[in-house]
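> data24.cif is reproduced below (mmCIF, C-alpha atoms).
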data_coords
#
loop_
_atom_site.label_atom_id
_atom_site.label_comp_id
_atom_site.auth_asym_id
_atom_site.auth_seq_id
_atom_site.Cartn_x
_atom_site.Cartn_y
_atom_site.Cartn_z
CA MET A 1 67.77 -53.67 -167.78
CA GLU A 2 65.14 -51.99 -169.94
CA PHE A 3 62.37 -53.69 -171.88
CA ARG A 4 63.40 -51.74 -174.97
CA ASP A 5 66.87 -53.30 -174.84
CA LEU A 6 65.34 -56.73 -174.39
CA ARG A 7 63.09 -56.24 -177.42
CA TYR A 8 66.06 -55.14 -179.51
CA PHE A 9 68.06 -58.14 -178.31
CA ILE A 10 65.27 -60.56 -179.23
CA ASP A 11 65.15 -59.08 -182.74
CA LEU A 12 68.96 -59.31 -183.02
CA VAL A 13 69.01 -62.99 -182.07
CA GLU A 14 66.16 -63.84 -184.43
CA SER A 15 67.52 -61.88 -187.40
CA GLU A 16 71.23 -62.47 -186.66
CA SER A 17 71.79 -59.04 -188.20
CA TYR A 18 72.59 -55.66 -186.66
CA HIS A 19 71.42 -53.97 -189.86
CA ALA A 20 68.04 -55.80 -189.97
CA THR A 21 67.45 -55.15 -186.26
CA ALA A 22 68.20 -51.45 -186.66
CA GLN A 23 65.89 -51.20 -189.67
CA LYS A 24 63.03 -53.01 -187.95
CA ASN A 25 63.20 -50.72 -184.92
CA GLN A 26 63.99 -47.56 -186.92
CA VAL A 27 67.22 -46.84 -185.09
CA THR A 28 70.87 -46.75 -186.12
CA GLN A 29 73.22 -49.74 -186.07
CA PRO A 30 75.39 -48.04 -183.40
CA ALA A 31 72.25 -47.95 -181.21
CA ILE A 32 71.97 -51.74 -181.49
CA SER A 33 75.68 -52.16 -180.74
CA ALA A 34 75.25 -49.92 -177.68
CA MET A 35 72.30 -52.07 -176.54
CA VAL A 36 74.46 -55.20 -176.68
CA LYS A 37 77.22 -53.47 -174.74
CA ARG A 38 74.76 -52.33 -172.04
CA LEU A 39 73.30 -55.80 -171.61
CA GLU A 40 76.72 -57.45 -171.51
CA GLU A 41 77.89 -54.97 -168.86
CA GLU A 42 74.73 -55.58 -166.78
CA CYS A 43 74.98 -59.37 -167.08
CA GLY A 44 78.77 -59.51 -166.79
CA VAL A 45 79.13 -61.97 -169.68
CA GLN A 46 79.50 -61.94 -173.46
CA LEU A 47 76.16 -62.45 -175.21
CA VAL A 48 77.02 -62.33 -178.91
CA PHE A 49 80.12 -62.10 -181.10
CA LYS A 50 81.32 -62.32 -184.69
CA LYS A 51 84.54 -64.14 -185.62
CA SER A 52 85.07 -61.64 -188.44
CA SER A 53 83.20 -58.76 -190.07
CA ARG A 54 81.86 -61.15 -192.71
CA SER A 55 81.00 -64.09 -190.48
CA SER A 56 77.59 -64.90 -189.04
CA LEU A 57 76.54 -63.63 -185.65
CA VAL A 58 77.17 -66.19 -182.88
CA ILE A 59 74.89 -66.28 -179.85
CA THR A 60 76.70 -67.50 -176.74
CA PRO A 61 75.03 -69.88 -174.25
CA ALA A 62 74.51 -66.86 -171.99
CA GLY A 63 72.93 -65.01 -174.90
CA GLN A 64 70.57 -67.92 -175.54
CA VAL A 65 69.47 -67.88 -171.89
CA LEU A 66 68.86 -64.14 -172.00
CA TYR A 67 66.93 -64.52 -175.27
CA LYS A 68 64.58 -67.16 -173.85
CA ARG A 69 63.97 -65.27 -170.62
CA ALA A 70 63.55 -61.97 -172.47
CA LYS A 71 60.88 -63.51 -174.71
CA LYS A 72 58.86 -64.41 -171.62
CA LEU A 73 59.36 -61.01 -170.01
CA VAL A 74 58.38 -59.08 -173.14
CA LYS A 75 55.33 -61.28 -173.57
CA GLU A 76 54.34 -60.54 -169.96
CA GLU A 77 54.96 -56.82 -170.51
CA ASN A 78 52.55 -56.86 -173.46
CA SER A 79 50.00 -58.75 -171.39
CA ILE A 80 50.23 -56.20 -168.58
CA LYS A 81 49.66 -53.31 -171.00
CA ILE A 82 46.60 -55.05 -172.48
CA GLU A 83 45.00 -55.81 -169.12
CA VAL A 84 45.71 -52.36 -167.65
CA LYS A 85 44.17 -50.71 -170.71
CA ARG A 86 41.05 -52.88 -170.44
CA ALA A 87 40.64 -52.29 -166.69
CA ASN A 88 38.78 -48.98 -167.11
CA ALA A 89 36.79 -50.04 -170.17
CA LYS A 90 33.01 -49.84 -169.97
CA ASN A 91 32.40 -52.16 -172.89
CA PHE A 92 32.76 -55.88 -173.58
CA ARG A 93 34.15 -57.20 -176.87
CA LEU A 94 33.09 -60.61 -178.14
CA GLY A 95 34.53 -62.24 -181.25
CA TYR A 96 33.02 -65.29 -182.90
CA SER A 97 33.59 -67.45 -185.96
CA GLU A 98 30.93 -68.12 -188.56
CA LEU A 99 29.95 -71.64 -187.51
CA ALA A 100 31.04 -71.74 -183.86
CA GLY A 101 28.83 -68.75 -183.13
CA LYS A 102 25.89 -70.02 -185.16
CA ALA A 103 24.20 -72.09 -182.45
CA TRP A 104 25.57 -70.10 -179.54
CA LEU A 105 25.23 -66.40 -180.29
CA ALA A 106 21.43 -66.06 -180.58
CA PRO A 107 20.53 -67.28 -177.05
CA VAL A 108 23.33 -65.18 -175.56
CA ILE A 109 22.14 -62.01 -177.31
CA THR A 110 18.56 -62.78 -176.22
CA HIS A 111 19.72 -63.11 -172.60
CA LEU A 112 21.67 -59.85 -172.80
CA ASN A 113 18.67 -58.08 -174.30
CA GLN A 114 16.46 -59.24 -171.42
CA GLY A 115 18.96 -57.76 -169.00
CA ARG A 116 19.23 -54.53 -171.02
CA MET A 117 22.95 -55.14 -171.53
CA LEU A 118 23.23 -54.85 -175.31
CA ALA A 119 24.42 -51.24 -175.27
CA ASN A 120 27.91 -52.08 -173.99
CA ILE A 121 28.70 -55.22 -175.97
CA GLU A 122 30.57 -55.23 -179.28
CA THR A 123 30.49 -58.37 -181.45
CA LYS A 124 32.47 -59.16 -184.56
CA GLU A 125 32.73 -62.21 -186.81
CA GLU A 126 36.19 -63.34 -187.91
CA PRO A 127 37.92 -66.59 -189.00
CA SER A 128 39.03 -68.72 -186.06
CA HIS A 129 42.78 -68.26 -186.61
CA LEU A 130 42.38 -64.46 -186.49
CA LEU A 131 40.23 -64.67 -183.38
CA GLU A 132 43.02 -66.45 -181.48
CA GLN A 133 45.56 -63.85 -182.58
CA HIS A 134 43.32 -60.90 -181.81
CA LEU A 135 42.36 -62.27 -178.40
CA ARG A 136 46.04 -62.44 -177.44
CA GLU A 137 46.50 -58.87 -178.72
CA GLY A 138 43.62 -57.65 -176.54
CA ARG A 139 41.19 -56.80 -179.34
CA PHE A 140 38.61 -59.15 -177.78
CA ASP A 141 37.76 -60.08 -174.21
CA VAL A 142 36.20 -63.43 -175.15
CA ILE A 143 36.06 -65.41 -178.38
CA VAL A 144 33.89 -68.29 -179.53
CA PHE A 145 35.80 -70.15 -182.20
CA SER A 146 36.43 -73.50 -183.86
CA ARG A 147 39.54 -75.69 -183.66
CA LEU A 148 40.48 -79.15 -184.83
CA SER A 149 41.84 -80.31 -181.48
CA ASP A 150 40.81 -79.83 -177.88
CA GLU A 151 44.47 -79.53 -176.82
CA PRO A 152 45.38 -76.52 -174.63
CA LEU A 153 46.33 -73.25 -176.35
CA PRO A 154 49.22 -71.20 -174.91
CA GLY A 155 47.97 -68.07 -173.18
CA ILE A 156 44.28 -68.89 -173.64
CA LYS A 157 41.88 -70.59 -171.23
CA THR A 158 39.43 -72.62 -173.29
CA THR A 159 36.10 -74.30 -172.62
CA THR A 160 34.80 -76.78 -175.18
CA LEU A 161 31.20 -75.93 -176.03
CA GLN A 162 30.41 -78.70 -178.49
CA ARG A 163 32.00 -81.20 -180.84
CA TYR A 164 30.99 -81.28 -184.51
CA GLN A 165 31.76 -83.84 -187.17
CA TYR A 166 32.96 -83.10 -190.69
CA VAL A 167 30.69 -84.58 -193.34
CA LEU A 168 30.24 -84.57 -197.09
CA ALA A 169 27.28 -82.46 -198.20
CA VAL A 170 25.68 -83.97 -201.30
CA ALA A 171 22.54 -83.21 -203.29
CA GLU A 172 19.52 -85.27 -202.21
CA ASP A 173 19.01 -86.57 -205.76
CA SER A 174 22.65 -87.67 -206.05
CA PRO A 175 23.44 -91.42 -205.99
CA LEU A 176 25.80 -90.60 -203.09
CA ALA A 177 22.79 -89.56 -200.98
CA LYS A 178 21.73 -93.21 -200.77
CA LEU A 179 24.85 -94.09 -198.77
CA ASP A 180 24.90 -94.25 -194.97
CA GLU A 181 28.62 -93.45 -194.91
CA ILE A 182 31.26 -92.83 -197.52
CA ARG A 183 34.97 -93.24 -198.23
CA ILE A 184 36.61 -90.14 -199.64
CA ALA A 185 37.83 -92.14 -202.67
CA GLN A 186 34.20 -92.70 -203.68
CA ILE A 187 33.93 -89.09 -204.86
CA LYS A 188 36.85 -89.41 -207.32
CA ASP A 189 34.56 -88.65 -210.28
CA THR A 190 32.61 -85.89 -208.48
CA PRO A 191 33.77 -82.25 -208.33
CA LEU A 192 34.83 -81.34 -204.79
CA ILE A 193 34.00 -77.80 -203.63
CA MET A 194 36.64 -76.72 -201.09
CA ARG A 195 37.41 -73.62 -199.05
CA HIS A 196 40.77 -71.81 -199.09
CA LYS A 197 43.65 -73.18 -197.02
CA ARG A 198 43.20 -70.72 -194.15
CA PHE A 199 39.87 -72.32 -193.17
CA LEU A 200 39.64 -75.26 -190.73
CA SER A 201 37.53 -77.41 -193.06
CA ARG A 202 40.27 -77.17 -195.70
CA ILE A 203 42.98 -77.97 -193.15
CA SER A 204 40.99 -81.03 -192.06
CA LEU A 205 40.45 -82.03 -195.69
CA ASP A 206 44.14 -81.68 -196.55
CA ARG A 207 44.99 -83.91 -193.58
CA LEU A 208 42.54 -86.47 -194.90
CA PHE A 209 44.20 -86.30 -198.34
CA ALA A 210 47.61 -86.84 -196.73
CA LYS A 211 46.31 -89.77 -194.69
CA THR A 212 44.55 -91.55 -197.57
CA GLY A 213 46.64 -90.46 -200.55
CA PHE A 214 43.47 -89.29 -202.29
CA GLN A 215 43.39 -86.19 -204.49
CA PRO A 216 40.23 -84.95 -206.20
CA ALA A 217 40.30 -85.06 -209.99
CA LYS A 218 37.97 -82.05 -210.14
CA LYS A 219 37.92 -79.29 -207.56
CA LEU A 220 36.56 -75.81 -207.07
CA ILE A 221 37.73 -73.31 -204.46
CA VAL A 222 34.91 -71.27 -202.90
CA ASP A 223 35.28 -69.25 -199.67
CA ASN A 224 31.64 -68.73 -198.81
CA ILE A 225 29.73 -71.57 -197.12
CA ASP A 226 26.33 -70.50 -198.45
CA ALA A 227 27.69 -70.32 -202.00
CA SER A 228 29.22 -73.79 -201.62
CA LEU A 229 25.91 -75.24 -200.46
CA GLN A 230 24.02 -73.56 -203.28
CA LEU A 231 26.38 -75.19 -205.77
CA VAL A 232 25.76 -78.56 -204.13
CA GLN A 233 21.99 -78.00 -204.36
CA ARG A 234 22.40 -77.39 -208.09
CA GLY A 235 24.29 -80.65 -208.58
CA MET A 236 27.64 -78.95 -209.21
CA GLY A 237 29.55 -81.18 -206.80
CA VAL A 238 29.94 -82.06 -203.13
CA THR A 239 31.51 -80.12 -200.28
CA TYR A 240 33.21 -80.94 -196.97
CA LEU A 241 31.86 -79.03 -193.97
CA MET A 242 30.94 -79.32 -190.30
CA ASP A 243 27.61 -81.07 -189.84
CA ILE A 244 26.09 -77.95 -188.21
CA ALA A 245 26.52 -76.08 -191.51
CA VAL A 246 24.48 -78.69 -193.40
CA GLN A 247 21.62 -79.25 -190.97
CA THR A 248 18.16 -78.18 -192.21
CA ILE A 249 19.47 -77.11 -195.64
CA PRO A 250 16.80 -78.14 -198.18
CA GLY A 251 17.90 -80.37 -201.03
CA ILE A 252 21.12 -81.44 -199.27
CA LYS A 253 22.03 -84.53 -197.28
CA ALA A 254 24.98 -84.85 -194.92
CA ILE A 255 26.89 -88.13 -195.37
CA PRO A 256 29.41 -89.06 -192.65
CA LEU A 257 32.73 -90.55 -193.69
CA VAL A 258 33.71 -94.06 -192.64
CA ALA A 259 35.01 -94.28 -189.08
CA SER A 260 38.71 -94.41 -190.07
CA GLN A 261 38.38 -91.16 -192.05
CA ARG A 262 36.24 -89.10 -189.70
CA SER A 263 37.43 -85.78 -188.33
CA TYR A 264 35.95 -83.52 -185.68
CA CYS A 265 35.92 -79.83 -184.91
CA TYR A 266 35.50 -78.30 -181.45
CA SER A 267 33.48 -75.17 -180.83
CA SER A 268 35.19 -73.44 -177.90
CA MET A 269 35.09 -70.35 -175.74
CA GLY A 270 38.45 -68.66 -175.21
CA ILE A 271 39.58 -66.09 -172.61
CA ARG A 272 43.08 -64.69 -172.09
CA GLU A 273 44.76 -66.44 -169.15
CA ASN A 274 45.71 -63.10 -167.58
CA PHE A 275 42.35 -61.39 -168.16
CA MET A 276 41.28 -59.48 -165.05
CA PRO A 277 37.70 -58.35 -165.77
CA ASN A 278 36.29 -55.25 -164.15
CA GLU A 279 32.77 -55.23 -162.69
CA ILE A 280 31.08 -54.51 -166.02
CA GLN A 281 33.03 -57.23 -167.81
CA LYS A 282 32.28 -59.70 -165.01
CA GLN A 283 28.55 -59.29 -165.65
CA TYR A 284 29.01 -60.27 -169.27
CA LEU A 285 31.30 -63.17 -168.41
CA ASN A 286 28.73 -64.55 -165.97
CA ILE A 287 26.08 -64.60 -168.71
CA LEU A 288 28.45 -66.20 -171.23
CA GLN A 289 29.37 -68.91 -168.75
CA GLN A 290 25.68 -69.72 -168.24
CA HIS A 291 25.52 -70.57 -171.95
CA GLN A 292 28.59 -72.83 -172.08
CA ASP A 293 26.67 -76.07 -172.33
CA LEU A 294 25.20 -76.44 -175.80
CA ASP A 295 24.52 -80.19 -175.65
#
Transcribe the structure of this file into C-alpha cells.

Amino acid sequence: MEFRDLRYFIDLVESESYHATAQKNQVTQPAISAMVKRLEEECGVQLVFKKSSRSSLVITPAGQVLYKRAKKLVKEENSIKIEVKRANAKNFRLGYSELAGKAWLAPVITHLNQGRMLANIETKEEPSHLLEQHLREGRFDVIVFSRLSDEPLPGIKTTTLQRYQYVLAVAEDSPLAKLDEIRIAQIKDTPLIMRHKRFLSRISLDRLFAKTGFQPAKKLIVDNIDASLQLVQRGMGVTYLMDIAVQTIPGIKAIPLVASQRSYCYSSMGIRENFMPNEIQKQYLNILQQHQDLD
C-alpha cells in the first residue's frame, strides 16, 4: 500500500469524482481507476462503486474506514517529512502576530543578542490564522499568536502567555470617555471602525453582534491598527481592539464593555506536537521558554 495511492483515494472520496481526482493530481482517469483496483485487491474488499455511469460515487463502509485511516497516515507522512527536513537545519524560525508579539518579542530578542544568537534566528510577522497554518506546514518552528479560546489546537502544543481583554477605544474628549464601562448598544450613533473579517478582533466583534442583536448604523473597515487609532484620536469614531493595543496611546481611552459582553483574547506560544529540535534549535527553545510568563 503506497502513500501515493492513499492520497489519490482521499481525493476521490472527498471529490466523489474520478475526473476531478485525476485533474487535481495531473494523472489520467484510468490511473485513478487502477489505484482503486490495487487498493481493493490489497484490502480484499470493495471500497467504492457506482450503480450506473451517471450515478454518484458510493463509498462502502470499508472505503470509509480506509479513508479515515488514510487521512491520519498521510498527515503523519507529511509530519515526518517536515521534521526530517528540519533536523539538519542550523537556523530557528519564529513567527509572531502583530499584538501577541508586541510585549513578548523585545525581551526575547534582547536575550538572544546577549547570547550572540541573533545570526541564526529568522522572525516574521503574520496574522494569527496564517501562523497556525504555516506552523503545521513546517514554515516556522515556534509561533507566538493570538486566539479567542484557550482550547487545545490539533497538532499544536500551546502555552498561554497572557490574557487580554477586548475594549472600545474612544477619544479622550468624547462623552463616552466618561464611562467606566459600556454596552455595545450605546455606540449606535457613533461610527464604528472595524477590521476585516479575517482578524480576531472582527471575529470577536461579530460574535458580540450575534449575541446582542446589535448592528452599527455607521461603520468603517480599516485593516491597520495604527490607522484605526489615529482615526479615533481625530474623533472619527470608536474602535474595538485588545487592551494592549490601546495602552499608552495619547488622546485615547480604553473603555471595557459590561461584564455580560466582555470577550478575551489569549496570547499563546505554539510548537508542533511532533517537533524534534536539534541542538541548535534546543538552545532557542530554552530561551523562549524562559520568557513564557508575561504576567
> List the residues selected by the PyMOL selection byres ((chain A and resi 240) around 12) in the file shown, writing them as an MDAnalysis selection string.
chainID A and resid 165:170 184 187 191:195 199:206 208 219:222 225 228:229 232 237:239 241:246 253:257 262:264
> Suppose we keep C-alpha atoms; can you now write the selection as a compact mmCIF listing (two decimals), in the coordinates of the input?

# COMPACT_ATOMS: atom_id res chain seq x y z
CA GLN A 165 31.76 -83.84 -187.17
CA TYR A 166 32.96 -83.10 -190.69
CA VAL A 167 30.69 -84.58 -193.34
CA LEU A 168 30.24 -84.57 -197.09
CA ALA A 169 27.28 -82.46 -198.20
CA VAL A 170 25.68 -83.97 -201.30
CA ILE A 184 36.61 -90.14 -199.64
CA ILE A 187 33.93 -89.09 -204.86
CA PRO A 191 33.77 -82.25 -208.33
CA LEU A 192 34.83 -81.34 -204.79
CA ILE A 193 34.00 -77.80 -203.63
CA MET A 194 36.64 -76.72 -201.09
CA ARG A 195 37.41 -73.62 -199.05
CA PHE A 199 39.87 -72.32 -193.17
CA LEU A 200 39.64 -75.26 -190.73
CA SER A 201 37.53 -77.41 -193.06
CA ARG A 202 40.27 -77.17 -195.70
CA ILE A 203 42.98 -77.97 -193.15
CA SER A 204 40.99 -81.03 -192.06
CA LEU A 205 40.45 -82.03 -195.69
CA ASP A 206 44.14 -81.68 -196.55
CA LEU A 208 42.54 -86.47 -194.90
CA LYS A 219 37.92 -79.29 -207.56
CA LEU A 220 36.56 -75.81 -207.07
CA ILE A 221 37.73 -73.31 -204.46
CA VAL A 222 34.91 -71.27 -202.90
CA ILE A 225 29.73 -71.57 -197.12
CA SER A 228 29.22 -73.79 -201.62
CA LEU A 229 25.91 -75.24 -200.46
CA VAL A 232 25.76 -78.56 -204.13
CA GLY A 237 29.55 -81.18 -206.80
CA VAL A 238 29.94 -82.06 -203.13
CA THR A 239 31.51 -80.12 -200.28
CA LEU A 241 31.86 -79.03 -193.97
CA MET A 242 30.94 -79.32 -190.30
CA ASP A 243 27.61 -81.07 -189.84
CA ILE A 244 26.09 -77.95 -188.21
CA ALA A 245 26.52 -76.08 -191.51
CA VAL A 246 24.48 -78.69 -193.40
CA LYS A 253 22.03 -84.53 -197.28
CA ALA A 254 24.98 -84.85 -194.92
CA ILE A 255 26.89 -88.13 -195.37
CA PRO A 256 29.41 -89.06 -192.65
CA LEU A 257 32.73 -90.55 -193.69
CA ARG A 262 36.24 -89.10 -189.70
CA SER A 263 37.43 -85.78 -188.33
CA TYR A 264 35.95 -83.52 -185.68
> Excluding segment 95-106 of chain A and its own-chain neighbours fewer than 3 positions away, which residues fall within 7 Å of it when counting only C-alpha atoms? Please give them as a PyMOL selection string.
chain A and resi 109-110+123-128+131+140+142-146+245+267
> Give as a PDB file with C-alpha atoms, keeping the file's coordinate frame the residues that the PyMOL selection byres ((chain A and resi 16) around 12) matches when applied to the coordinates above.

ATOM      1  CA  TYR A   8      66.060 -55.140-179.510  1.00  0.00           C
ATOM      2  CA  PHE A   9      68.060 -58.140-178.310  1.00  0.00           C
ATOM      3  CA  ILE A  10      65.270 -60.560-179.230  1.00  0.00           C
ATOM      4  CA  ASP A  11      65.150 -59.080-182.740  1.00  0.00           C
ATOM      5  CA  LEU A  12      68.960 -59.310-183.020  1.00  0.00           C
ATOM      6  CA  VAL A  13      69.010 -62.990-182.070  1.00  0.00           C
ATOM      7  CA  GLU A  14      66.160 -63.840-184.430  1.00  0.00           C
ATOM      8  CA  SER A  15      67.520 -61.880-187.400  1.00  0.00           C
ATOM      9  CA  SER A  17      71.790 -59.040-188.200  1.00  0.00           C
ATOM     10  CA  TYR A  18      72.590 -55.660-186.660  1.00  0.00           C
ATOM     11  CA  HIS A  19      71.420 -53.970-189.860  1.00  0.00           C
ATOM     12  CA  ALA A  20      68.040 -55.800-189.970  1.00  0.00           C
ATOM     13  CA  THR A  21      67.450 -55.150-186.260  1.00  0.00           C
ATOM     14  CA  ALA A  22      68.200 -51.450-186.660  1.00  0.00           C
ATOM     15  CA  ILE A  32      71.970 -51.740-181.490  1.00  0.00           C
ATOM     16  CA  VAL A  48      77.020 -62.330-178.910  1.00  0.00           C
ATOM     17  CA  PHE A  49      80.120 -62.100-181.100  1.00  0.00           C
ATOM     18  CA  LYS A  50      81.320 -62.320-184.690  1.00  0.00           C
ATOM     19  CA  SER A  55      81.000 -64.090-190.480  1.00  0.00           C
ATOM     20  CA  SER A  56      77.590 -64.900-189.040  1.00  0.00           C
ATOM     21  CA  LEU A  57      76.540 -63.630-185.650  1.00  0.00           C
ATOM     22  CA  VAL A  58      77.170 -66.190-182.880  1.00  0.00           C
ATOM     23  CA  ILE A  59      74.890 -66.280-179.850  1.00  0.00           C
TER      24      ILE A  59
END
> The PyMOL selection byres ((chain A and resi 289) around 12) on the file shown: which residues, as a ChimeraX atom specification?
/A:104,108,111,142,144,158-161,268-271,282-288,290-294
> Go ahead and write the selection's residues with C-alpha atoms as a PDB file, in the coordinates of the input.

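File written: selection01.pdb
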ATOM      1  CA  TRP A 104      25.570 -70.100-179.540  1.00  0.00           C
ATOM      2  CA  VAL A 108      23.330 -65.180-175.560  1.00  0.00           C
ATOM      3  CA  HIS A 111      19.720 -63.110-172.600  1.00  0.00           C
ATOM      4  CA  VAL A 142      36.200 -63.430-175.150  1.00  0.00           C
ATOM      5  CA  VAL A 144      33.890 -68.290-179.530  1.00  0.00           C
ATOM      6  CA  THR A 158      39.430 -72.620-173.290  1.00  0.00           C
ATOM      7  CA  THR A 159      36.100 -74.300-172.620  1.00  0.00           C
ATOM      8  CA  THR A 160      34.800 -76.780-175.180  1.00  0.00           C
ATOM      9  CA  LEU A 161      31.200 -75.930-176.030  1.00  0.00           C
ATOM     10  CA  SER A 268      35.190 -73.440-177.900  1.00  0.00           C
ATOM     11  CA  MET A 269      35.090 -70.350-175.740  1.00  0.00           C
ATOM     12  CA  GLY A 270      38.450 -68.660-175.210  1.00  0.00           C
ATOM     13  CA  ILE A 271      39.580 -66.090-172.610  1.00  0.00           C
ATOM     14  CA  LYS A 282      32.280 -59.700-165.010  1.00  0.00           C
ATOM     15  CA  GLN A 283      28.550 -59.290-165.650  1.00  0.00           C
ATOM     16  CA  TYR A 284      29.010 -60.270-169.270  1.00  0.00           C
ATOM     17  CA  LEU A 285      31.300 -63.170-168.410  1.00  0.00           C
ATOM     18  CA  ASN A 286      28.730 -64.550-165.970  1.00  0.00           C
ATOM     19  CA  ILE A 287      26.080 -64.600-168.710  1.00  0.00           C
ATOM     20  CA  LEU A 288      28.450 -66.200-171.230  1.00  0.00           C
ATOM     21  CA  GLN A 290      25.680 -69.720-168.240  1.00  0.00           C
ATOM     22  CA  HIS A 291      25.520 -70.570-171.950  1.00  0.00           C
ATOM     23  CA  GLN A 292      28.590 -72.830-172.080  1.00  0.00           C
ATOM     24  CA  ASP A 293      26.670 -76.070-172.330  1.00  0.00           C
ATOM     25  CA  LEU A 294      25.200 -76.440-175.800  1.00  0.00           C
TER      26      LEU A 294
END
> Step by step, gather every atom of segment 261-275 of chain A that the file lists, find the box along x, y and z that holds them, add 6 Å on each side, and finally give centre and edge lengths in Å to one decimal, as JSON.

{"center_x": 39.6, "center_y": -76.3, "center_z": -179.8, "size_x": 24.2, "size_y": 41.8, "size_z": 36.5}
> Within 7 Å of segment 78-87 of chain A, counting all atoms listed in the file, which residues show up once you throw out same-chain ones fewer than 2 positions away? Write them as a list in words, please.
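Listing them by chain and then by number gives Val74, Lys75, Glu76, Ala89, Gly138, Phe275, Met276, Pro277 and Asn278 of chain A.
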> What does the structure give for the distance between atom CA of Asn88 of chain A and atom CA of Asp141 of chain A, in Å to one decimal?
13.2 Å
> Could you tell me how far atom CA of Leu153 of chain A sits from atom CA of Arg93 of chain A, in Å to one decimal place?
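Between atom CA of Arg93 of chain A and atom CA of Leu153 of chain A the gap works out to 20.2 Å.
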> To one decimal place in Å, what is the distance between atom CA of Phe3 of chain A and atom CA of Gln23 of chain A?
18.3 Å
> Give me, as a list of chain:residue names, all polymer residues having an atom no more than 10 Å from Gln186 of chain A, counting only C-alpha atoms and skipping those fewer than 3 positions away in the same chain.
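Here the answer would be A:Leu176, A:Ile182, A:Arg183, A:Asp189, A:Thr190, A:Phe214.
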> From the list A:Cys43, A:Arg38, A:Arg4, A:Glu77, which residue is nearest Asn25 of chain A when using all atoms listed in the file?
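Using all atoms listed in the file, the shortest distance to Asn25 of chain A belongs to A:Arg4.
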> For Lys71 of chain A, which residue among A:Ala171, A:Leu6, A:Ala227, A:Ala217 is the nearest when counting only C-alpha atoms?
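Smallest distance to Lys71 of chain A is found for A:Leu6.
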